$ cat input_1.cif   # mmCIF, C-alpha atoms
data_my_file
#
loop_
_atom_site.label_atom_id
_atom_site.label_comp_id
_atom_site.auth_asym_id
_atom_site.auth_seq_id
_atom_site.Cartn_x
_atom_site.Cartn_y
_atom_site.Cartn_z
CA MET A 800 34.91 48.43 -70.02
CA ILE A 801 36.48 48.56 -66.57
CA ILE A 802 35.62 51.52 -64.33
CA GLY A 803 38.40 52.44 -61.93
CA ALA A 804 42.17 52.03 -62.10
CA GLY A 805 42.82 51.22 -58.46
CA LEU A 806 44.33 47.86 -57.61
CA ALA A 807 41.09 45.95 -58.30
CA GLY A 808 40.61 47.69 -61.66
CA LEU A 809 44.20 47.04 -62.70
CA ILE A 810 43.89 43.35 -61.83
CA ALA A 811 40.69 43.19 -63.88
CA ALA A 812 42.55 44.77 -66.79
CA TYR A 813 45.03 41.89 -66.75
CA VAL A 814 42.22 39.33 -66.68
CA PHE A 815 40.46 41.06 -69.61
CA PRO A 816 43.40 42.26 -71.75
CA HIS A 817 41.30 43.95 -74.45
CA GLU A 818 38.98 46.04 -72.28
CA PRO A 819 39.48 49.81 -71.88
CA VAL A 820 39.92 51.21 -68.37
CA VAL A 821 38.54 54.59 -67.24
CA GLU A 822 39.67 56.39 -64.09
CA ALA A 823 38.31 59.67 -62.69
CA GLN A 824 41.64 60.55 -61.01
CA ASP A 825 45.03 61.15 -62.60
CA ARG A 826 47.85 58.61 -62.56
CA SER A 827 49.62 60.17 -59.57
CA TRP A 828 46.59 59.52 -57.32
CA VAL A 829 47.07 56.69 -54.82
CA GLU A 830 44.18 55.95 -52.46
CA HIS A 831 45.59 52.89 -50.71
CA GLN A 832 48.74 53.41 -48.64
CA ALA A 833 47.97 51.03 -45.79
CA VAL A 834 49.52 47.59 -45.44
CA LEU A 835 49.09 45.40 -48.53
CA ARG A 836 49.76 41.68 -48.23
CA PHE A 837 48.47 38.95 -50.50
CA ARG A 838 47.19 35.58 -49.32
CA SER A 839 48.24 33.69 -52.47
CA THR A 840 50.45 33.97 -55.55
CA ALA A 841 47.44 34.55 -57.85
CA VAL A 842 48.22 38.21 -58.62
CA ALA A 843 51.92 37.48 -59.09
CA GLU A 844 51.09 34.71 -61.55
CA LEU A 845 48.58 36.89 -63.40
CA THR A 846 50.90 39.89 -63.78
CA GLY A 847 54.23 38.10 -64.09
CA ILE A 848 55.58 40.31 -61.29
CA PRO A 849 57.46 38.27 -58.67
CA PHE A 850 56.23 38.46 -55.05
CA ARG A 851 58.16 37.47 -51.93
CA GLN A 852 56.85 34.72 -49.64
CA VAL A 853 57.17 35.67 -45.97
CA THR A 854 55.94 34.74 -42.50
CA VAL A 855 54.02 37.53 -40.79
CA ARG A 856 53.99 37.58 -36.99
CA LYS A 857 51.30 39.45 -35.05
CA GLY A 858 50.62 40.71 -31.56
CA ILE A 859 48.22 42.84 -29.49
CA TYR A 860 49.70 45.60 -27.33
CA SER A 861 47.36 47.02 -24.71
CA GLN A 862 47.90 48.79 -21.38
CA ASN A 863 51.66 48.69 -21.98
CA ALA A 864 51.68 44.90 -22.16
CA TRP A 865 51.15 42.07 -24.63
CA THR A 866 47.80 40.29 -24.52
CA THR A 867 45.91 37.58 -26.36
CA PRO A 868 42.63 38.16 -28.22
CA ASN A 869 39.66 38.49 -25.88
CA ILE A 870 36.22 40.06 -26.05
CA ALA A 871 37.25 43.30 -24.34
CA VAL A 872 40.26 44.15 -26.50
CA CYS A 873 38.61 42.96 -29.74
CA ASN A 874 35.47 45.03 -29.09
CA ALA A 875 37.61 48.04 -28.18
CA TYR A 876 39.56 47.64 -31.41
CA ALA A 877 36.37 47.37 -33.50
CA ALA A 878 34.86 50.43 -31.85
CA LYS A 879 38.07 52.35 -32.43
CA THR A 880 38.33 51.49 -36.12
CA ILE A 881 34.76 51.30 -37.41
CA GLY A 882 32.58 52.58 -34.56
CA CYS A 883 30.63 49.40 -33.81
CA PHE A 884 31.15 45.92 -32.41
CA VAL A 885 31.96 43.61 -35.34
CA ASP A 886 34.60 40.92 -35.73
CA ARG A 887 37.89 42.26 -37.09
CA SER A 888 41.23 40.69 -37.97
CA ILE A 889 42.53 41.23 -34.41
CA TRP A 890 40.88 37.95 -33.38
CA ASP A 891 43.56 35.97 -35.25
CA ILE A 892 47.18 36.65 -34.29
CA ASP A 893 48.68 33.32 -35.39
CA PRO A 894 51.71 33.55 -37.71
CA VAL A 895 50.62 33.43 -41.36
CA THR A 896 52.23 33.01 -44.75
CA ARG A 897 51.78 36.03 -47.00
CA TYR A 898 53.11 37.22 -50.37
CA ILE A 899 54.61 40.69 -50.59
CA ALA A 900 54.52 42.68 -53.82
CA PRO A 901 57.36 45.02 -54.80
CA PRO A 902 56.76 48.64 -53.71
CA ASP A 903 56.30 49.76 -57.32
CA LEU A 904 53.58 47.17 -58.09
CA ARG A 905 51.02 49.78 -59.12
CA GLU A 906 53.46 51.60 -61.40
CA ARG A 907 54.48 48.36 -63.12
CA MET A 908 50.86 47.43 -63.68
CA CYS A 909 50.01 50.87 -65.06
CA ASP A 910 52.99 50.69 -67.41
CA ALA A 911 51.96 47.26 -68.66
CA ILE A 912 48.34 48.27 -69.30
CA GLY A 913 49.52 51.55 -70.82
CA GLY A 914 47.25 53.35 -73.26
CA ARG A 915 44.19 51.28 -72.37
CA ILE A 916 43.77 53.49 -69.28
CA SER A 917 42.00 56.84 -69.73
CA TRP A 918 42.98 59.03 -66.77
CA ASN A 919 40.88 61.98 -65.57
CA CYS A 920 37.86 60.37 -67.22
CA LEU A 921 34.63 60.48 -65.24
CA VAL A 922 31.93 58.13 -66.56
CA PRO A 923 28.36 59.04 -65.46
CA LEU A 924 26.87 55.85 -64.06
CA HIS A 925 23.56 56.43 -65.85
CA ASP A 926 25.48 56.08 -69.14
CA VAL A 927 26.89 52.68 -68.19
CA ALA A 928 23.60 50.89 -68.87
CA ARG A 929 23.84 51.96 -72.51
CA TYR A 930 27.35 50.55 -72.96
CA PRO A 931 27.10 47.67 -75.47
CA LYS A 932 29.34 45.26 -73.54
CA PRO A 933 29.52 44.06 -69.92
CA VAL A 934 31.02 46.56 -67.49
CA ILE A 935 33.18 45.85 -64.45
CA SER A 936 32.89 48.56 -61.80
CA THR A 937 35.42 49.01 -59.00
CA ILE A 938 34.10 52.36 -57.79
CA PRO A 939 33.14 52.69 -54.09
CA MET A 940 30.11 50.55 -53.28
CA ASN A 941 28.18 53.35 -51.58
CA MET A 942 28.32 55.42 -54.78
CA MET A 943 27.21 52.47 -56.88
CA ALA A 944 24.35 51.61 -54.53
CA THR A 945 23.12 55.22 -54.49
CA GLU A 946 23.02 55.33 -58.28
CA LEU A 947 21.54 51.90 -58.99
CA LEU A 948 19.12 51.54 -56.10
CA ALA A 949 17.32 54.86 -56.43
CA GLY A 950 14.87 55.56 -53.64
CA GLU A 951 16.37 52.99 -51.26
CA THR A 952 18.39 53.84 -48.19
CA ILE A 953 21.65 51.90 -48.05
CA GLU A 954 23.66 51.94 -44.83
CA PHE A 955 27.30 51.71 -45.81
CA ARG A 956 29.39 51.95 -42.65
CA ARG A 957 32.94 53.01 -43.36
CA ALA A 958 35.56 55.10 -41.66
CA PRO A 959 38.53 57.11 -42.93
CA ILE A 960 42.05 56.40 -41.77
CA LEU A 961 45.39 58.17 -41.86
CA THR A 962 48.65 56.44 -42.67
CA THR A 963 52.20 57.45 -41.87
CA ARG A 964 55.36 55.58 -42.76
CA VAL A 965 59.08 55.51 -42.15
CA THR A 966 62.00 53.38 -43.33
CA LEU A 967 63.94 51.42 -40.71
CA PRO A 968 67.43 50.94 -42.19
CA GLY A 969 68.71 47.37 -41.86
CA ALA A 970 65.36 45.87 -40.86
CA ASP A 971 63.99 42.80 -42.65
CA VAL A 972 61.01 41.53 -40.66
CA PHE A 973 57.29 41.14 -41.26
CA GLN A 974 55.24 42.03 -38.19
CA THR A 975 51.89 43.58 -37.25
CA VAL A 976 50.86 44.99 -33.88
CA TYR A 977 47.28 45.92 -32.96
CA PHE A 978 46.67 48.81 -30.54
CA PRO A 979 43.09 48.68 -29.13
CA ASP A 980 43.56 51.33 -26.40
CA ALA A 981 41.47 54.49 -26.78
CA CYS A 982 44.21 56.89 -25.63
CA THR A 983 45.50 57.22 -29.21
CA SER A 984 43.97 56.82 -32.67
CA LEU A 985 46.88 54.55 -33.67
CA TYR A 986 45.21 51.17 -34.15
CA ARG A 987 47.68 49.10 -36.13
CA ALA A 988 51.30 49.26 -37.22
CA SER A 989 53.20 46.89 -39.48
CA ILE A 990 56.78 46.40 -40.55
CA THR A 991 57.16 45.02 -44.06
CA GLY A 992 60.84 44.42 -44.67
CA ASP A 993 62.31 47.77 -43.67
CA LEU A 994 59.12 49.85 -44.02
CA LEU A 995 57.03 50.71 -40.96
CA VAL A 996 53.45 51.67 -41.85
CA CYS A 997 51.28 53.16 -39.10
CA GLU A 998 47.49 53.35 -39.41
CA TRP A 999 45.46 55.89 -37.42
CA ALA A 1000 41.67 55.99 -37.08
CA GLY A 1001 39.85 59.13 -38.18
CA SER A 1002 40.77 62.05 -40.40
CA ASP A 1003 42.75 64.26 -38.02
CA LEU A 1004 45.95 63.61 -36.08
CA THR A 1005 46.63 65.98 -33.22
CA ALA A 1006 50.05 66.46 -31.66
CA PRO A 1007 49.15 64.75 -28.33
CA ASP A 1008 47.55 61.84 -30.19
CA ARG A 1009 50.65 61.46 -32.36
CA GLU A 1010 53.03 61.56 -29.41
CA CYS A 1011 51.03 58.94 -27.51
CA GLY A 1012 51.03 56.70 -30.58
CA LEU A 1013 54.77 57.11 -31.11
CA ALA A 1014 55.41 56.14 -27.49
CA MET A 1015 53.41 52.93 -28.05
CA LEU A 1016 55.33 52.22 -31.26
CA ARG A 1017 58.67 52.60 -29.55
CA SER A 1018 57.64 50.28 -26.75
CA ALA A 1019 55.93 47.60 -28.87
CA PHE A 1020 58.59 47.37 -31.59
CA ALA A 1021 61.63 48.16 -29.38
CA LEU A 1022 62.41 51.27 -31.43
CA SER A 1023 64.44 54.31 -30.48
CA SER A 1024 63.23 57.90 -30.83
CA GLY A 1025 65.61 58.34 -33.76
CA ASP A 1026 63.98 55.46 -35.67
CA LEU A 1027 60.77 57.49 -35.98
CA GLU A 1028 62.23 60.89 -36.84
CA GLY A 1029 61.54 60.48 -40.56
CA LEU A 1030 57.85 59.61 -40.15
CA THR A 1031 55.91 61.03 -43.10
CA ALA A 1032 52.99 63.42 -42.94
CA PRO A 1033 49.58 61.69 -42.68
CA HIS A 1034 47.95 60.42 -45.88
CA LYS A 1035 44.14 60.23 -45.76
CA GLN A 1036 42.37 57.12 -47.05
CA HIS A 1037 38.61 57.72 -47.23
CA PHE A 1038 37.59 54.06 -47.28
CA GLY A 1039 40.05 52.91 -44.66
CA LYS A 1040 37.73 50.60 -42.75
CA ILE A 1041 34.49 49.05 -43.98
CA ALA A 1042 31.92 47.23 -41.86
CA PRO A 1043 30.16 44.14 -43.23
CA ILE A 1044 27.11 44.90 -45.36
CA ASP A 1045 24.09 42.77 -46.30
#
$ encode --input "input_1.cif" --output "structure tokens"
Amino acid sequence: MIIGAGLAGLIAAYVFPHEPVVEAQDRSWVEHQAVLRFRSTAVAELTGIPFRQVTVRKGIYSQNAWTTPNIAVCNAYAAKTIGCFVDRSIWDIDPVTRYIAPPDLRERMCDAIGGRISWNCLVPLHDVARYPKPVISTIPMNMMATELLAGETIEFRRAPILTTRVTLPGADVFQTVYFPDACTSLYRASITGDLLVCEWAGSDLTAPDRECGLAMLRSAFALSSGDLEGLTAPHKQHFGKIAPID
């Protein structure tokens, strides 16, 4: 049995093609709407769904200027995203090769797995131990730790994020910009083809915060005000950022 039909659970369902999948949410639920890039072709080969190989270019935009990674901006970025000083991806801004899935990857995977997925099915974790076969769990780690390590205190540092997105007609680039400055909760924005995805720290986006972030986007990506008019309403992702855990 596989618990969870998020991306990890769906991949597991391909690896184990005879195992049932249970998911507490319905099929329309999508937790992850941040940037999704793959480091290899492994998932494409497993699913038979073609991915596109691209070169992703990165930069750090701070104090209205481009900068290289340094202790100050990297610590500011970590504090902004997760609330403590830990190493984050901002330290590496070299161009990288990545593999981009089609936008309907999740839908294709759900269609292929089909009736093996039981939606709106909540499995009490205390019942899992009585299941006769091995179980793969993809539920949030803090929930699993609370259930399985009764009586122990587990510090699971994580932070919610908000995502907004807009299509940039005619664009076909793959870029990521980090924003470490504290004047806005916007911390990262990426263009994948013609889709701009903006990631904001926290669970609330005020009008002044949004306007400051949009100004940074326009400057960093050389966008016009009209390019951002169709920006979607914020989508909340509860496990947006996770700090390393022992």
$ closest_residue --input "input_1.cif" --among "A:Leu1027, A:Leu924, A:Val934, A:Ile960" --to "Glu1010 (chain A)" --atoms "only C-alpha atoms"
A:Leu1027
$ atom_distance --input "input_1.cif" --atom1 "CA of Ile810 (chain A)" --atom2 "CA of Ile892 (chain A)"
28.5 Å
$ closest_residue --input "input_1.cif" --among "A:Ile848, A:Val927, A:Ala864, A:Ala944" --to "Ala900 (chain A)" --atoms "only C-alpha atoms"
A:Ile848
$ resolve_selection --input "input_1.cif" --expression "the PyMOL selection byres ((chain A and resi 818) around 10)" --output "ChimeraX atom specification"
/A:800-801,811-817,819-821,915-916,932-935
$ residues_around --input "input_1.cif" --residues "region 987-997 of chain A" --least-positions-apart "2" --cutoff "6 Å" --atoms "only C-alpha atoms" --output "list in words"
Thr962, Thr963, Arg964, Val965, Thr966, Leu967, Ala970, Asp971, Val972, Phe973, Gln974, Thr975, Val976, Tyr977 and Phe978 of chain A
$ resolve_selection --input "input_1.cif" --expression "the PyMOL selection byres ((chain A and resi 856) around 6)" --output "PyMOL selection string"
chain A and resi 855+857+894+974
$ write_last_selection --input "input_1.cif" --atoms "C-alpha atoms" --output "PDB file, in the coordinates of the input"
ATOM      1  CA  VAL A 855      54.020  37.530 -40.790  1.00  0.00           C
ATOM      2  CA  LYS A 857      51.300  39.450 -35.050  1.00  0.00           C
ATOM      3  CA  PRO A 894      51.710  33.550 -37.710  1.00  0.00           C
ATOM      4  CA  GLN A 974      55.240  42.030 -38.190  1.00  0.00           C
TER       5      GLN A 974
END
$ closest_residue --input "input_1.cif" --among "A:Arg907, A:Arg838, A:Arg929, A:Arg851" --to "Leu806 (chain A)" --atoms "all atoms listed in the file"
A:Arg907
$ residues_around --input "input_1.cif" --residues "region 982-986 of chain A" --least-positions-apart "6" --cutoff "7 Å" --atoms "only C-alpha atoms" --output "PyMOL selection string"
chain A and resi 998-1000+1008+1011-1012
$ write_last_selection --input "input_1.cif" --atoms "C-alpha atoms" --output "short mmCIF file (atom, residue, chain, number, x, y, z; two decimals), in the frame of the given file"
data_model
loop_
_atom_site.label_atom_id
_atom_site.label_comp_id
_atom_site.auth_asym_id
_atom_site.auth_seq_id
_atom_site.Cartn_x
_atom_site.Cartn_y
_atom_site.Cartn_z
CA GLU A 998 47.49 53.35 -39.41
CA TRP A 999 45.46 55.89 -37.42
CA ALA A 1000 41.67 55.99 -37.08
CA ASP A 1008 47.55 61.84 -30.19
CA CYS A 1011 51.03 58.94 -27.51
CA GLY A 1012 51.03 56.70 -30.58
#
$ atom_distance --input "input_1.cif" --atom1 "CA of Ser861 (chain A)" --atom2 "CA of Cys873 (chain A)"
10.9 Å
$ resolve_selection --input "input_1.cif" --expression "the PyMOL selection byres ((chain A and resi 919-921) around 7)" --output "MDAnalysis selection string"
chainID A and resid 821:825 917:918 922:923
$ closest_residue --input "input_1.cif" --among "A:Thr840, A:Thr880, A:Ser888, A:Thr1031" --to "Pro868 (chain A)" --atoms "only C-alpha atoms"
A:Ser888
$ axis_aligned_box --input "input_1.cif" --around "region 924-939 of chain A" --padding-each-side "8 Å" --output "AutoDock Vina command-line options"
--center_x 29.5 --center_y 50.2 --center_z -64.8 --size_x 27.9 --size_y 28.4 --size_z 37.4
$ closest_residue --input "input_1.cif" --among "A:Val872, A:Val829, A:Leu1022, A:Ala958" --to "Pro979 (chain A)" --atoms "all atoms listed in the file"
A:Val872
$ closest_residue --input "input_1.cif" --among "A:Ala878, A:Trp890, A:Ile802, A:Thr937" --to "Thr866 (chain A)" --atoms "only C-alpha atoms"
A:Trp890
$ residues_near_point --input "input_1.cif" --point "(49.2, 35.2, -52.9)" --cutoff "10 Å" --atoms "all atoms listed in the file" --output "number ranges by chain"
A: 836-844, 850-852, 896-900
$ decode --input "input_1.cif" --residues "region 932-1001 of chain A" --atoms "C-alpha atoms" --output "short mmCIF file (atom, residue, chain, number, x, y, z; two decimals), in the first residue's frame"
data_model
loop_
_atom_site.label_atom_id
_atom_site.label_comp_id
_atom_site.auth_asym_id
_atom_site.auth_seq_id
_atom_site.Cartn_x
_atom_site.Cartn_y
_atom_site.Cartn_z
CA LYS A 932 2.37 -6.03 3.38
CA PRO A 933 5.04 -3.30 3.44
CA VAL A 934 3.69 0.25 3.37
CA ILE A 935 5.20 3.29 1.68
CA SER A 936 4.20 6.54 3.36
CA THR A 937 4.53 9.94 1.69
CA ILE A 938 2.54 11.87 4.29
CA PRO A 939 4.21 14.90 5.94
CA MET A 940 7.13 13.82 8.13
CA ASN A 941 5.98 15.77 11.19
CA MET A 942 2.69 13.84 11.21
CA MET A 943 4.49 10.53 10.83
CA ALA A 944 6.99 11.33 13.57
CA THR A 945 4.22 12.38 15.98
CA GLU A 946 2.38 9.10 15.44
CA LEU A 947 5.32 6.70 15.47
CA LEU A 948 7.54 8.30 18.08
CA ALA A 949 4.98 8.73 20.84
CA GLY A 950 6.26 10.65 23.83
CA GLU A 951 9.20 12.19 21.98
CA THR A 952 9.44 15.82 20.96
CA ILE A 953 10.40 16.22 17.32
CA GLU A 954 11.39 19.65 16.05
CA PHE A 955 10.27 19.86 12.44
CA ARG A 956 11.05 23.35 11.18
CA ARG A 957 8.98 24.26 8.15
CA ALA A 958 7.38 27.37 6.78
CA PRO A 959 4.37 27.98 4.52
CA ILE A 960 4.70 29.82 1.24
CA LEU A 961 2.36 31.48 -1.22
CA THR A 962 2.70 31.13 -4.98
CA THR A 963 1.37 33.34 -7.74
CA ARG A 964 1.81 32.83 -11.46
CA VAL A 965 1.28 34.51 -14.80
CA THR A 966 1.86 33.58 -18.44
CA LEU A 967 4.30 35.70 -20.44
CA PRO A 968 3.20 35.33 -24.09
CA GLY A 969 6.10 34.65 -26.45
CA ALA A 970 8.63 33.87 -23.72
CA ASP A 971 10.73 30.70 -23.85
CA VAL A 972 13.45 31.00 -21.21
CA PHE A 973 14.38 29.16 -18.02
CA GLN A 974 15.52 31.52 -15.28
CA THR A 975 15.43 31.87 -11.49
CA VAL A 976 16.04 35.02 -9.45
CA TYR A 977 16.52 35.04 -5.67
CA PHE A 978 15.32 38.07 -3.66
CA PRO A 979 16.93 38.11 -0.17
CA ASP A 980 15.83 41.65 0.81
CA ALA A 981 13.45 41.89 3.78
CA CYS A 982 11.29 44.67 2.30
CA THR A 983 9.05 42.11 0.59
CA SER A 984 8.13 38.48 1.24
CA LEU A 985 8.91 37.65 -2.41
CA TYR A 986 11.97 35.40 -2.14
CA ARG A 987 12.23 33.65 -5.49
CA ALA A 988 10.74 33.91 -8.96
CA SER A 989 11.26 31.63 -11.93
CA ILE A 990 10.33 31.64 -15.59
CA THR A 991 9.79 28.18 -17.05
CA GLY A 992 9.15 28.59 -20.74
CA ASP A 993 6.42 31.21 -20.75
CA LEU A 994 5.23 30.71 -17.15
CA LEU A 995 6.41 33.03 -14.38
CA VAL A 996 6.01 31.51 -10.91
CA CYS A 997 6.54 33.79 -7.91
CA GLU A 998 7.12 32.40 -4.41
CA TRP A 999 6.36 34.47 -1.30
CA ALA A 1000 7.32 33.60 2.29
CA GLY A 1001 4.56 33.30 4.86
#
